[in-house]
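Text of input_12.tsv (TSV, C-alpha atoms and all ligand atoms) as supplied:
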```tsv
chain	number	residue	atom	x	y	z
A	1	MET	CA	96.69	74.42	-66.57
A	2	ALA	CA	92.91	74.55	-66.28
A	3	ALA	CA	92.56	73.36	-62.69
A	4	GLY	CA	89.47	71.48	-61.57
A	5	GLU	CA	87.65	72.28	-58.32
A	6	ASP	CA	88.37	69.56	-55.85
A	7	ILE	CA	91.61	67.66	-56.42
A	8	ALA	CA	92.43	65.65	-53.30
A	9	ALA	CA	95.96	65.22	-51.97
A	10	GLY	CA	95.86	61.45	-51.98
A	11	ASN	CA	95.11	58.99	-54.75
A	12	ARG	CA	93.89	55.66	-53.41
A	13	GLN	CA	94.50	52.63	-55.58
A	14	TRP	CA	93.75	48.92	-55.38
A	15	LEU	CA	96.79	47.01	-56.60
A	16	LEU	CA	96.99	43.41	-57.72
A	17	ALA	CA	98.90	42.01	-54.74
A	18	ARG	CA	99.41	38.48	-56.12
A	19	ARG	CA	98.17	36.15	-58.80
A	20	PRO	CA	95.24	34.19	-57.37
A	21	LEU	CA	95.34	30.44	-57.42
A	22	GLY	CA	91.72	29.34	-57.84
A	23	MET	CA	88.86	31.54	-56.63
A	24	VAL	CA	89.83	35.20	-56.48
A	25	SER	CA	89.57	36.75	-53.00
A	26	GLU	CA	89.77	40.22	-51.50
A	27	SER	CA	93.24	39.40	-50.14
A	28	ASP	CA	94.57	39.21	-53.71
A	29	PHE	CA	94.39	43.03	-53.73
A	30	GLU	CA	96.14	45.69	-51.67
A	31	LEU	CA	94.87	49.20	-50.93
A	32	VAL	CA	97.52	51.94	-51.12
A	33	GLU	CA	97.45	55.72	-51.10
A	34	ARG	CA	99.84	57.71	-53.26
A	35	PRO	CA	100.04	61.42	-54.06
A	36	VAL	CA	97.84	62.61	-56.90
A	37	PRO	CA	100.32	62.99	-59.79
A	38	GLU	CA	101.29	66.47	-61.00
A	39	ILE	CA	100.53	66.63	-64.69
A	40	GLY	CA	103.19	67.55	-67.23
A	41	PRO	CA	102.94	69.08	-70.70
A	42	GLY	CA	100.14	67.57	-72.79
A	43	GLU	CA	98.80	65.53	-69.88
A	44	VAL	CA	95.29	65.20	-68.46
A	45	LEU	CA	94.20	64.31	-64.91
A	46	ALA	CA	90.74	62.83	-64.37
A	47	ARG	CA	88.82	61.67	-61.33
A	48	VAL	CA	87.22	58.25	-61.73
A	49	ARG	CA	83.47	58.44	-61.06
A	50	TRP	CA	82.23	54.99	-62.11
A	51	LEU	CA	83.84	51.57	-62.51
A	52	SER	CA	82.49	48.69	-64.51
A	53	PHE	CA	83.18	45.07	-63.55
A	54	GLU	CA	83.61	42.25	-66.04
A	55	PRO	CA	84.33	38.55	-65.51
A	56	ALA	CA	87.17	38.84	-68.06
A	57	MET	CA	89.10	40.88	-65.48
A	58	ARG	CA	89.68	37.62	-63.61
A	59	GLY	CA	91.66	36.41	-66.63
A	60	TRP	CA	93.75	39.60	-66.64
A	61	MET	CA	95.03	38.58	-63.18
A	62	ASP	CA	96.60	35.39	-64.55
A	63	GLU	CA	99.93	35.03	-66.30
A	64	ARG	CA	98.81	33.20	-69.39
A	65	GLU	CA	98.35	33.74	-73.08
A	66	SER	CA	95.26	35.80	-73.77
A	67	TYR	CA	93.98	38.60	-75.97
A	68	VAL	CA	95.38	41.26	-73.59
A	69	ALA	CA	98.52	41.41	-71.45
A	70	PRO	CA	98.02	40.46	-67.80
A	71	VAL	CA	97.93	43.15	-65.11
A	72	GLU	CA	101.36	43.26	-63.47
A	73	VAL	CA	101.58	42.29	-59.81
A	74	GLY	CA	101.95	45.58	-57.90
A	75	ALA	CA	100.04	47.60	-60.54
A	76	PRO	CA	96.50	48.98	-60.13
A	77	MET	CA	93.84	46.64	-61.49
A	78	ARG	CA	92.78	47.62	-64.97
A	79	ALA	CA	89.05	48.29	-65.34
A	80	PRO	CA	86.69	50.11	-67.66
A	81	GLY	CA	84.91	53.13	-66.30
A	82	LEU	CA	83.93	56.73	-66.56
A	83	ALA	CA	85.96	59.72	-65.31
A	84	GLU	CA	85.70	63.50	-65.11
A	85	VAL	CA	88.60	65.67	-66.23
A	86	VAL	CA	89.80	67.81	-63.30
A	87	ALA	CA	92.95	69.33	-64.81
A	88	SER	CA	94.28	69.46	-68.33
A	89	ASN	CA	97.37	70.58	-70.24
A	90	ASP	CA	95.87	69.14	-73.40
A	91	PRO	CA	93.89	71.60	-75.56
A	92	ASP	CA	91.53	68.75	-76.56
A	93	TYR	CA	90.25	68.31	-72.97
A	94	VAL	CA	88.95	70.80	-70.41
A	95	ALA	CA	88.01	70.40	-66.75
A	96	GLY	CA	84.49	69.02	-66.56
A	97	ASP	CA	84.76	66.79	-69.64
A	98	VAL	CA	83.37	63.33	-68.87
A	99	VAL	CA	85.09	60.46	-70.66
A	100	PHE	CA	84.84	56.69	-70.69
A	101	GLY	CA	87.31	53.96	-71.53
A	102	MET	CA	89.86	51.75	-69.79
A	103	MET	CA	90.62	53.22	-66.34
A	104	GLY	CA	91.80	51.37	-63.27
A	105	TRP	CA	90.96	50.73	-59.63
A	106	SER	CA	92.27	54.18	-58.84
A	107	GLU	CA	90.69	57.45	-57.72
A	108	TYR	CA	92.58	59.42	-60.38
A	109	VAL	CA	93.92	58.51	-63.79
A	110	THR	CA	96.38	60.51	-65.83
A	111	GLY	CA	98.02	60.40	-69.24
A	112	ARG	CA	98.71	62.03	-72.59
A	113	TRP	CA	95.36	61.13	-73.98
A	114	SER	CA	95.57	62.92	-77.32
A	115	ALA	CA	98.85	61.18	-78.07
A	116	GLU	CA	97.69	57.85	-76.69
A	117	THR	CA	94.14	57.75	-77.96
A	118	ALA	CA	94.70	54.60	-79.97
A	119	GLY	CA	95.84	52.73	-76.86
A	120	ARG	CA	93.57	54.26	-74.23
A	121	GLY	CA	90.52	54.77	-76.37
A	122	TYR	CA	89.00	57.44	-74.10
A	123	ARG	CA	85.83	58.81	-75.62
A	124	ARG	CA	83.60	61.66	-74.51
A	125	VAL	CA	80.30	60.68	-72.93
A	126	PRO	CA	77.45	61.86	-75.16
A	127	ALA	CA	75.41	64.68	-73.58
A	128	GLY	CA	72.47	63.45	-71.53
A	129	MET	CA	73.61	59.82	-71.49
A	130	PRO	CA	73.31	58.30	-67.98
A	131	ALA	CA	76.38	56.32	-66.86
A	132	GLU	CA	74.16	53.34	-66.07
A	133	MET	CA	73.03	53.14	-69.69
A	134	LEU	CA	76.43	53.88	-71.23
A	135	LEU	CA	78.22	51.26	-69.13
A	136	GLY	CA	75.18	48.96	-69.22
A	137	PRO	CA	73.13	47.94	-72.25
A	138	LEU	CA	74.81	50.47	-74.55
A	139	GLY	CA	78.27	49.52	-73.33
A	140	SER	CA	80.59	46.67	-74.24
A	141	THR	CA	78.32	43.97	-72.80
A	142	GLY	CA	75.32	45.13	-74.83
A	143	MET	CA	77.47	45.44	-77.97
A	144	THR	CA	78.91	41.97	-77.41
A	145	ALA	CA	75.41	40.58	-77.04
A	146	TYR	CA	74.39	42.27	-80.31
A	147	VAL	CA	77.24	41.02	-82.51
A	148	GLY	CA	77.49	37.68	-80.74
A	149	LEU	CA	73.86	36.86	-81.24
A	150	LEU	CA	73.24	38.42	-84.66
A	151	ASP	CA	76.59	37.94	-86.45
A	152	VAL	CA	77.77	34.70	-84.85
A	153	GLY	CA	74.52	33.03	-83.76
A	154	ARG	CA	72.63	34.22	-86.87
A	155	PRO	CA	69.12	33.44	-85.57
A	156	GLU	CA	66.16	33.12	-87.92
A	157	PRO	CA	62.58	33.97	-86.85
A	158	GLY	CA	61.05	30.91	-85.21
A	159	ASP	CA	64.42	29.52	-84.07
A	160	THR	CA	64.82	28.27	-80.53
A	161	VAL	CA	67.57	30.31	-78.86
A	162	VAL	CA	69.06	29.38	-75.49
A	163	VAL	CA	71.18	31.85	-73.51
A	164	SER	CA	73.22	30.99	-70.41
A	165	GLY	CA	74.06	33.67	-67.87
A	166	ALA	CA	70.74	35.01	-69.13
A	167	ALA	CA	70.03	37.42	-66.27
A	168	GLY	CA	73.47	39.01	-66.51
A	169	ALA	CA	74.62	42.08	-68.39
A	170	THR	CA	75.52	40.35	-71.65
A	171	GLY	CA	73.09	37.45	-71.54
A	172	SER	CA	70.02	39.53	-70.78
A	173	VAL	CA	70.59	41.72	-73.82
A	174	ALA	CA	71.36	38.75	-76.10
A	175	ALA	CA	68.21	36.96	-74.98
A	176	GLN	CA	65.98	39.99	-75.57
A	177	ILE	CA	67.45	40.70	-79.01
A	178	ALA	CA	66.59	37.10	-79.89
A	179	ARG	CA	63.03	37.73	-78.70
A	180	ILE	CA	62.86	40.95	-80.75
A	181	LYS	CA	64.02	38.96	-83.81
A	182	GLY	CA	61.07	36.59	-83.47
A	183	CYS	CA	62.77	33.63	-81.80
A	184	ARG	CA	61.59	31.39	-78.96
A	185	VAL	CA	63.98	32.20	-76.13
A	186	VAL	CA	64.97	30.12	-73.14
A	187	GLY	CA	67.20	31.69	-70.50
A	188	ILE	CA	69.36	29.81	-68.01
A	189	ALA	CA	70.13	31.64	-64.75
A	190	GLY	CA	70.85	30.96	-61.09
A	191	GLY	CA	67.96	31.38	-58.66
A	192	ALA	CA	64.21	31.92	-58.65
A	193	GLU	CA	64.41	35.71	-58.53
A	194	LYS	CA	66.57	35.96	-61.66
A	195	CYS	CA	64.26	33.52	-63.46
A	196	ARG	CA	61.23	35.56	-62.43
A	197	TRP	CA	62.88	38.67	-63.91
A	198	LEU	CA	63.60	36.81	-67.15
A	199	LEU	CA	59.95	35.84	-67.52
A	200	THR	CA	58.23	39.02	-66.36
A	201	GLU	CA	60.60	41.85	-67.34
A	202	ALA	CA	62.71	40.38	-70.14
A	203	ARG	CA	59.65	38.50	-71.42
A	204	LEU	CA	61.41	35.27	-72.41
A	205	ASP	CA	59.43	32.14	-73.23
A	206	ALA	CA	61.02	30.04	-70.50
A	207	ALA	CA	63.63	30.36	-67.78
A	208	ILE	CA	65.61	27.52	-66.21
A	209	ASP	CA	67.04	27.89	-62.72
A	210	TYR	CA	70.17	25.76	-63.10
A	211	LYS	CA	70.87	25.94	-59.35
A	212	ASN	CA	67.55	24.34	-58.40
A	213	GLU	CA	66.34	22.44	-61.46
A	214	ASP	CA	67.68	19.61	-63.57
A	215	LEU	CA	69.07	21.47	-66.55
A	216	GLY	CA	69.12	18.51	-68.95
A	217	SER	CA	65.51	17.48	-68.48
A	218	ARG	CA	64.24	21.07	-68.45
A	219	LEU	CA	66.08	21.74	-71.73
A	220	ARG	CA	64.52	18.65	-73.30
A	221	ARG	CA	61.06	19.82	-72.24
A	222	THR	CA	61.44	23.50	-73.18
A	223	CYS	CA	63.25	22.81	-76.48
A	224	PRO	CA	61.51	19.71	-77.90
A	225	ASP	CA	62.82	20.41	-81.43
A	226	GLY	CA	66.32	21.16	-80.21
A	227	VAL	CA	68.36	24.32	-79.77
A	228	ASP	CA	69.07	26.26	-82.98
A	229	VAL	CA	71.26	28.95	-81.43
A	230	TYR	CA	73.10	28.81	-78.11
A	231	PHE	CA	74.62	32.02	-76.71
A	232	GLU	CA	77.19	30.69	-74.27
A	233	ASN	CA	78.42	32.72	-71.30
A	234	VAL	CA	79.10	29.96	-68.82
A	235	GLY	CA	80.58	26.66	-70.13
A	236	GLY	CA	80.96	23.52	-68.03
A	237	ALA	CA	77.74	21.70	-67.23
A	238	ALA	CA	75.62	24.21	-69.16
A	239	LEU	CA	77.54	23.64	-72.38
A	240	GLU	CA	77.34	19.87	-72.02
A	241	ALA	CA	73.58	20.02	-71.39
A	242	VAL	CA	72.98	22.15	-74.48
A	243	LEU	CA	75.28	20.01	-76.66
A	244	ASP	CA	73.01	17.06	-75.83
A	245	ASN	CA	69.98	19.05	-77.09
A	246	LEU	CA	71.16	20.67	-80.33
A	247	ALA	CA	69.01	20.99	-83.42
A	248	PHE	CA	70.46	20.08	-86.82
A	249	GLY	CA	72.81	22.84	-88.06
A	250	ALA	CA	72.86	24.63	-84.68
A	251	ARG	CA	75.21	27.57	-84.06
A	252	ILE	CA	76.94	28.13	-80.74
A	253	ALA	CA	78.20	31.67	-80.14
A	254	LEU	CA	80.96	31.22	-77.56
A	255	CYS	CA	81.02	34.51	-75.68
A	256	GLY	CA	82.35	33.46	-72.26
A	257	LEU	CA	83.06	30.50	-70.00
A	258	ILE	CA	82.72	32.03	-66.55
A	259	SER	CA	82.25	28.71	-64.75
A	260	GLY	CA	85.94	27.98	-65.33
A	261	TYR	CA	87.51	31.41	-64.79
A	262	ASN	CA	88.48	30.62	-61.19
A	263	ASP	CA	89.68	27.07	-61.78
A	264	ALA	CA	93.23	26.53	-60.54
A	265	GLU	CA	93.60	23.76	-63.14
A	266	ALA	CA	91.80	23.79	-66.49
A	267	ARG	CA	88.97	21.24	-66.42
A	268	PRO	CA	88.69	18.64	-69.19
A	269	GLY	CA	85.58	18.75	-71.30
A	270	PRO	CA	83.04	19.03	-72.71
A	271	ARG	CA	82.77	15.25	-72.81
A	272	ASN	CA	80.11	15.28	-75.56
A	273	LEU	CA	81.68	17.51	-78.23
A	274	PHE	CA	80.89	14.68	-80.65
A	275	GLN	CA	77.33	16.07	-80.76
A	276	LEU	CA	78.66	18.86	-83.01
A	277	ILE	CA	79.34	16.17	-85.62
A	278	VAL	CA	76.03	14.39	-85.09
A	279	ARG	CA	74.10	17.66	-85.48
A	280	ARG	CA	76.43	19.28	-88.09
A	281	ALA	CA	76.65	22.16	-85.62
A	282	SER	CA	79.27	24.86	-85.31
A	283	ILE	CA	80.84	26.70	-82.40
A	284	GLN	CA	82.59	30.04	-82.79
A	285	GLY	CA	84.44	32.12	-80.22
A	286	LEU	CA	83.89	35.86	-80.40
A	287	LEU	CA	85.56	39.00	-79.18
A	288	LEU	CA	83.92	42.39	-79.48
A	289	TRP	CA	87.09	43.99	-80.92
A	290	ASP	CA	86.64	42.03	-84.15
A	291	PHE	CA	83.31	43.74	-84.84
A	292	LEU	CA	84.23	47.43	-84.54
A	293	ASP	CA	82.61	48.22	-87.90
A	294	ARG	CA	79.30	46.93	-86.49
A	295	LEU	CA	79.27	49.20	-83.44
A	296	PRO	CA	77.58	52.28	-84.96
A	297	GLU	CA	74.59	50.17	-86.08
A	298	ALA	CA	74.58	48.27	-82.79
A	299	SER	CA	74.48	51.56	-80.80
A	300	VAL	CA	71.54	52.88	-82.78
A	301	ASP	CA	69.53	49.64	-82.50
A	302	LEU	CA	70.28	49.08	-78.82
A	303	ARG	CA	69.40	52.65	-77.87
A	304	ARG	CA	66.15	52.44	-79.81
A	305	TRP	CA	65.18	49.14	-78.18
A	306	VAL	CA	66.08	50.33	-74.68
A	307	GLU	CA	64.18	53.62	-75.08
A	308	ALA	CA	61.16	51.79	-76.49
A	309	GLY	CA	61.13	49.39	-73.53
A	310	GLU	CA	61.89	46.43	-75.82
A	311	ILE	CA	65.05	45.69	-73.85
A	312	ALA	CA	64.73	45.72	-70.06
A	313	TYR	CA	67.95	46.03	-68.11
A	314	ARG	CA	69.15	46.01	-64.55
A	315	VAL	CA	72.15	47.80	-63.13
A	316	ASP	CA	73.60	46.69	-59.80
A	317	THR	CA	75.29	49.80	-58.40
A	318	GLN	CA	77.57	49.47	-55.38
A	319	GLU	CA	79.06	52.52	-53.68
A	320	GLY	CA	82.50	53.38	-52.32
A	321	PHE	CA	86.13	52.95	-53.28
A	322	GLU	CA	86.85	50.54	-50.43
A	323	LYS	CA	84.22	48.12	-51.75
A	324	ILE	CA	85.89	47.62	-55.15
A	325	PRO	CA	87.35	44.09	-54.67
A	326	ARG	CA	84.18	42.91	-52.90
A	327	THR	CA	82.10	44.22	-55.77
A	328	PHE	CA	84.25	42.36	-58.32
A	329	LEU	CA	83.71	39.11	-56.40
A	330	ARG	CA	79.93	39.47	-56.75
A	331	LEU	CA	80.24	38.40	-60.41
A	332	PHE	CA	81.49	34.96	-59.40
A	333	SER	CA	78.87	34.21	-56.74
A	334	GLY	CA	76.05	35.49	-58.94
A	335	ALA	CA	75.22	38.18	-56.34
A	336	ASN	CA	75.08	40.81	-59.10
A	337	GLU	CA	71.61	41.56	-60.38
A	338	GLY	CA	72.38	42.82	-63.87
A	339	LYS	CA	75.35	44.91	-64.93
A	340	GLN	CA	77.79	45.29	-62.04
A	341	LEU	CA	78.90	48.89	-61.51
A	342	LEU	CA	80.37	50.89	-58.64
A	343	ARG	CA	80.04	54.61	-58.09
A	344	LEU	CA	83.01	56.36	-56.48
B	1	LIG	P1	77.20	38.98	-65.79
B	1	LIG	O1	76.55	37.91	-66.61
B	1	LIG	O2	76.46	40.22	-65.55
B	1	LIG	O3	77.65	38.39	-64.39
B	1	LIG	C1	78.26	37.14	-64.29
B	1	LIG	C2	77.18	36.06	-64.03
B	1	LIG	O4	77.76	34.78	-64.32
B	1	LIG	C3	76.77	35.94	-62.57
B	1	LIG	O5	75.77	36.86	-62.22
B	1	LIG	C4	76.28	34.50	-62.49
B	1	LIG	O6	74.91	34.44	-62.88
B	1	LIG	C5	77.08	33.79	-63.59
B	1	LIG	N1	78.07	32.88	-62.97
B	1	LIG	C6	79.08	33.21	-62.15
B	1	LIG	N2	79.78	32.10	-61.81
B	1	LIG	C7	79.16	31.06	-62.41
B	1	LIG	C8	79.39	29.66	-62.45
B	1	LIG	N3	80.43	29.09	-61.78
B	1	LIG	N4	78.55	28.87	-63.16
B	1	LIG	C9	77.52	29.43	-63.84
B	1	LIG	N5	77.25	30.74	-63.86
B	1	LIG	C10	78.07	31.55	-63.16
B	1	LIG	O7	78.62	39.31	-66.48
B	1	LIG	P2	78.91	39.79	-67.96
B	1	LIG	O8	79.87	40.90	-67.90
B	1	LIG	O9	77.64	39.96	-68.70
B	1	LIG	O10	79.70	38.54	-68.59
B	1	LIG	C11	78.98	37.35	-68.94
B	1	LIG	C12	79.89	36.47	-69.80
B	1	LIG	O11	80.17	37.14	-71.04
B	1	LIG	C13	81.23	36.15	-69.17
B	1	LIG	O12	81.58	34.82	-69.47
B	1	LIG	C14	82.16	37.12	-69.88
B	1	LIG	O13	83.49	36.68	-69.88
B	1	LIG	C15	81.56	37.15	-71.27
B	1	LIG	N6	81.88	38.34	-72.09
B	1	LIG	C16	82.57	38.14	-73.24
B	1	LIG	C17	82.86	39.21	-74.05
B	1	LIG	C18	83.56	38.95	-75.36
B	1	LIG	O14	83.92	39.88	-76.09
B	1	LIG	N7	83.80	37.70	-75.70
B	1	LIG	C19	82.48	40.51	-73.68
B	1	LIG	C20	81.76	40.68	-72.50
B	1	LIG	C21	81.45	39.58	-71.70
B	1	LIG	P3	73.91	33.34	-62.23
B	1	LIG	O15	73.44	33.94	-60.94
B	1	LIG	O16	72.86	33.18	-63.25
B	1	LIG	O17	74.74	32.10	-61.99
```
This structure in structure tokens:
Amino acid sequence: MAAGEDIAAGNRQWLLARRPLGMVSESDFELVERPVPEIGPGEVLARVRWLSFEPAMRGWMDERESYVAPVEVGAPMRAPGLAEVVASNDPDYVAGDVVFGMMGWSEYVTGRWSAETAGRGYRRVPAGMPAEMLLGPLGSTGMTAYVGLLDVGRPEPGDTVVVSGAAGATGSVAAQIARIKGCRVVGIAGGAEKCRWLLTEARLDAAIDYKNEDLGSRLRRTCPDGVDVYFENVGGAALEAVLDNLAFGARIALCGLISGYNDAEARPGPRNLFQLIVRRASIQGLLLWDFLDRLPEASVDLRRWVEAGEIAYRVDTQEGFEKIPRTFLRLFSGANEGKQLLRL
């Protein structure tokens, strides 16, 4: 075994204590400490250094049909992140290797990675790539923005593109790609500070503060010829407002519906779906996994745009293992300013 330097005795983990009914709270999780596992033949032990938080994780807490199995009650929460190998019985990994993929709310993760690569998908972090960039605009949210906007939304230069959740990790990248592609871009976000960032740093044409402005009338004023492409992260009132302002032949890329993720009962709606018929518009759900062949091109383009300053991004880094559940909750209050990460 190639032993790493500083393996602790205890492995703290945040378990899913119960399935939340309605808004997730810190009490839905339980902190435990277990021994760091001894690794067997072919196994790797890694210390988690960074965790990434995604609204979809709220869905993984529910027992319902989805595109991934729910997290079991009593198991550590599943979460993407970045870890450093500290001990390895696998010739493919040595202590010091830094990998990213699906981890958990756990200080250490272990497994037979070479044998399980298809399931775990751990990949080595490219040399010189900061975690904030890899888990931020070049990570799954940036990739989702890329394929969701370009392959599903299919904007043309001169189109009016509206993005909800526009100051967030996914929305901010989608909105700026639309700007790069020559579109007029209107972002919807909560609060004056996020709207200021959208105008000054992300350089959108307009920003609507849905918490303090009338969304319907602001959309009518900022999109007088209608919305050609809508990149949807939120659902609910935002979706209804945009449906009432569609241009003929509009495309809606349905990326997420965060406004309903904490509903105890599914809400009816949208009440004006008929507008899709009136405007001969289409709506298409998307999942990043269906676009794996597009990722190499997406990585190259996103990296180029970020390095050239064409895409501005914000990373909201919290610190400390004990703050993990609290950090997750930030996504649902809108406290996160950009991609929500936590450094362990
Ligand atoms: P994020 O946008 O960085 O953070 C979530 C943001 O959602 C919050 O900052 C808040 O922004 C907004 N929000 C929270 N509760 C809301 C509510 N009740 N009503 C309206 N807005 C609310 O998170 P992200 O990781 O980029 O995810 C954004 C969306 O993309 C989510 O719906 C997620 O599920 C989806 N997504 C989908 C895929 C896919 O493959 N389909 C992949 C990644 C992400 P404000 O302060 O502006 O309200």
Contacts of range 72-81 of chain A within 8 Å, all atoms listed in the file, excl. fewer than 6 positions in-chain, as a CSV table (one decimal) with C-alpha atoms, in the frame of the given file:
```csv
chain,number,residue,atom,x,y,z
A,13,GLN,CA,94.5,52.6,-55.6
A,14,TRP,CA,93.8,48.9,-55.4
A,15,LEU,CA,96.8,47.0,-56.6
A,16,LEU,CA,97.0,43.4,-57.7
A,17,ALA,CA,98.9,42.0,-54.7
A,18,ARG,CA,99.4,38.5,-56.1
A,19,ARG,CA,98.2,36.2,-58.8
A,48,VAL,CA,87.2,58.2,-61.7
A,49,ARG,CA,83.5,58.4,-61.1
A,50,TRP,CA,82.2,55.0,-62.1
A,51,LEU,CA,83.8,51.6,-62.5
A,52,SER,CA,82.5,48.7,-64.5
A,53,PHE,CA,83.2,45.1,-63.6
A,57,MET,CA,89.1,40.9,-65.5
A,61,MET,CA,95.0,38.6,-63.2
A,100,PHE,CA,84.8,56.7,-70.7
A,101,GLY,CA,87.3,54.0,-71.5
A,102,MET,CA,89.9,51.8,-69.8
A,103,MET,CA,90.6,53.2,-66.3
A,104,GLY,CA,91.8,51.4,-63.3
A,105,TRP,CA,91.0,50.7,-59.6
A,106,SER,CA,92.3,54.2,-58.8
A,135,LEU,CA,78.2,51.3,-69.1
```
Closest contacts (range 199-237 of chain A/range 164-176 of chain A, max 9 Å, all atoms listed in the file) as a Markdown table:
```
| residue | atom | partner | partner_atom | distance |
| --- | --- | --- | --- | --- |
| A:Ala202 | CA | A:Gln176 | CA | 6.4 |
| A:Arg203 | CA | A:Gln176 | CA | 7.7 |
| A:Leu204 | CA | A:Gln176 | CA | 7.3 |
| A:Ala207 | CA | A:Ala166 | CA | 8.6 |
| A:Tyr230 | CA | A:Ser164 | CA | 8.0 |
| A:Phe231 | CA | A:Ser164 | CA | 6.5 |
| A:Glu232 | CA | A:Ser164 | CA | 5.5 |
| A:Asn233 | CA | A:Ser164 | CA | 5.6 |
| A:Val234 | CA | A:Ser164 | CA | 6.2 |
| A:Gly235 | CA | A:Ser164 | CA | 8.5 |
```
Nearest residue to ligand LIG 1 (chain B) from the set A:Gly10, A:Gly139, A:Gly190, A:Gly153 (distances using only C-alpha atoms and all ligand atoms):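 Looking at the shortest contact to ligand LIG 1 (chain B), the residue is A:Gly190.
Across the model, the gap from CA of Glu54 in chain A to CA of Arg218 in chain A is 28.8 Å.
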All residues 7 Å or closer to Gln318 in chain A, all atoms listed in the file, same chain fewer than 6 positions away omitted, as a list of chain:residue names: A:Thr327, A:Leu341, A:Leu342, A:Arg343
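Of the listed residues A:Ala131, A:Ala8, A:Cys255, A:Ile311, the one whose atoms come nearest to Ala83 in chain A is A:Ala131, with distances taken using all atoms listed in the file.
Separating CA of Glu240 in chain A from CA of Arg196 in chain A is a distance of 24.4 Å.
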Given all atoms listed in the file as the counted atoms, nearest of A:Gly59, A:Gly96, A:Pro70, A:Gly158 to ligand LIG 1 (chain B): A:Gly59
Range 147-149 of chain A surroundings by all atoms listed in the file, 12 Å radius, close-in-sequence under 2 positions cut, as number ranges by chain: A: 140-145, 151-156, 161-163, 170-181, 183, 228-233, 251-256, 283-299, 301-302
Residues just named, written with C-alpha atoms as a JSON list (two decimals), keeping the file's coordinate frame:
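Saved result, again.json, follows:
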```json
[["chain", "number", "residue", "atom", "x", "y", "z"],
["A", 140, "SER", "CA", 80.59, 46.67, -74.24],
["A", 141, "THR", "CA", 78.32, 43.97, -72.80],
["A", 142, "GLY", "CA", 75.32, 45.13, -74.83],
["A", 143, "MET", "CA", 77.47, 45.44, -77.97],
["A", 144, "THR", "CA", 78.91, 41.97, -77.41],
["A", 145, "ALA", "CA", 75.41, 40.58, -77.04],
["A", 151, "ASP", "CA", 76.59, 37.94, -86.45],
["A", 152, "VAL", "CA", 77.77, 34.70, -84.85],
["A", 153, "GLY", "CA", 74.52, 33.03, -83.76],
["A", 154, "ARG", "CA", 72.63, 34.22, -86.87],
["A", 155, "PRO", "CA", 69.12, 33.44, -85.57],
["A", 156, "GLU", "CA", 66.16, 33.12, -87.92],
["A", 161, "VAL", "CA", 67.57, 30.31, -78.86],
["A", 162, "VAL", "CA", 69.06, 29.38, -75.49],
["A", 163, "VAL", "CA", 71.18, 31.85, -73.51],
["A", 170, "THR", "CA", 75.52, 40.35, -71.65],
["A", 171, "GLY", "CA", 73.09, 37.45, -71.54],
["A", 172, "SER", "CA", 70.02, 39.53, -70.78],
["A", 173, "VAL", "CA", 70.59, 41.72, -73.82],
["A", 174, "ALA", "CA", 71.36, 38.75, -76.10],
["A", 175, "ALA", "CA", 68.21, 36.96, -74.98],
["A", 176, "GLN", "CA", 65.98, 39.99, -75.57],
["A", 177, "ILE", "CA", 67.45, 40.70, -79.01],
["A", 178, "ALA", "CA", 66.59, 37.10, -79.89],
["A", 179, "ARG", "CA", 63.03, 37.73, -78.70],
["A", 180, "ILE", "CA", 62.86, 40.95, -80.75],
["A", 181, "LYS", "CA", 64.02, 38.96, -83.81],
["A", 183, "CYS", "CA", 62.77, 33.63, -81.80],
["A", 228, "ASP", "CA", 69.07, 26.26, -82.98],
["A", 229, "VAL", "CA", 71.26, 28.95, -81.43],
["A", 230, "TYR", "CA", 73.10, 28.81, -78.11],
["A", 231, "PHE", "CA", 74.62, 32.02, -76.71],
["A", 232, "GLU", "CA", 77.19, 30.69, -74.27],
["A", 233, "ASN", "CA", 78.42, 32.72, -71.30],
["A", 251, "ARG", "CA", 75.21, 27.57, -84.06],
["A", 252, "ILE", "CA", 76.94, 28.13, -80.74],
["A", 253, "ALA", "CA", 78.20, 31.67, -80.14],
["A", 254, "LEU", "CA", 80.96, 31.22, -77.56],
["A", 255, "CYS", "CA", 81.02, 34.51, -75.68],
["A", 256, "GLY", "CA", 82.35, 33.46, -72.26],
["A", 283, "ILE", "CA", 80.84, 26.70, -82.40],
["A", 284, "GLN", "CA", 82.59, 30.04, -82.79],
["A", 285, "GLY", "CA", 84.44, 32.12, -80.22],
["A", 286, "LEU", "CA", 83.89, 35.86, -80.40],
["A", 287, "LEU", "CA", 85.56, 39.00, -79.18],
["A", 288, "LEU", "CA", 83.92, 42.39, -79.48],
["A", 289, "TRP", "CA", 87.09, 43.99, -80.92],
["A", 290, "ASP", "CA", 86.64, 42.03, -84.15],
["A", 291, "PHE", "CA", 83.31, 43.74, -84.84],
["A", 292, "LEU", "CA", 84.23, 47.43, -84.54],
["A", 293, "ASP", "CA", 82.61, 48.22, -87.90],
["A", 294, "ARG", "CA", 79.30, 46.93, -86.49],
["A", 295, "LEU", "CA", 79.27, 49.20, -83.44],
["A", 296, "PRO", "CA", 77.58, 52.28, -84.96],
["A", 297, "GLU", "CA", 74.59, 50.17, -86.08],
["A", 298, "ALA", "CA", 74.58, 48.27, -82.79],
["A", 299, "SER", "CA", 74.48, 51.56, -80.80],
["A", 301, "ASP", "CA", 69.53, 49.64, -82.50],
["A", 302, "LEU", "CA", 70.28, 49.08, -78.82]]
```
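Relative to CA of Ala9 in chain A, CA of Leu344 in chain A is found at 16.3 Å.
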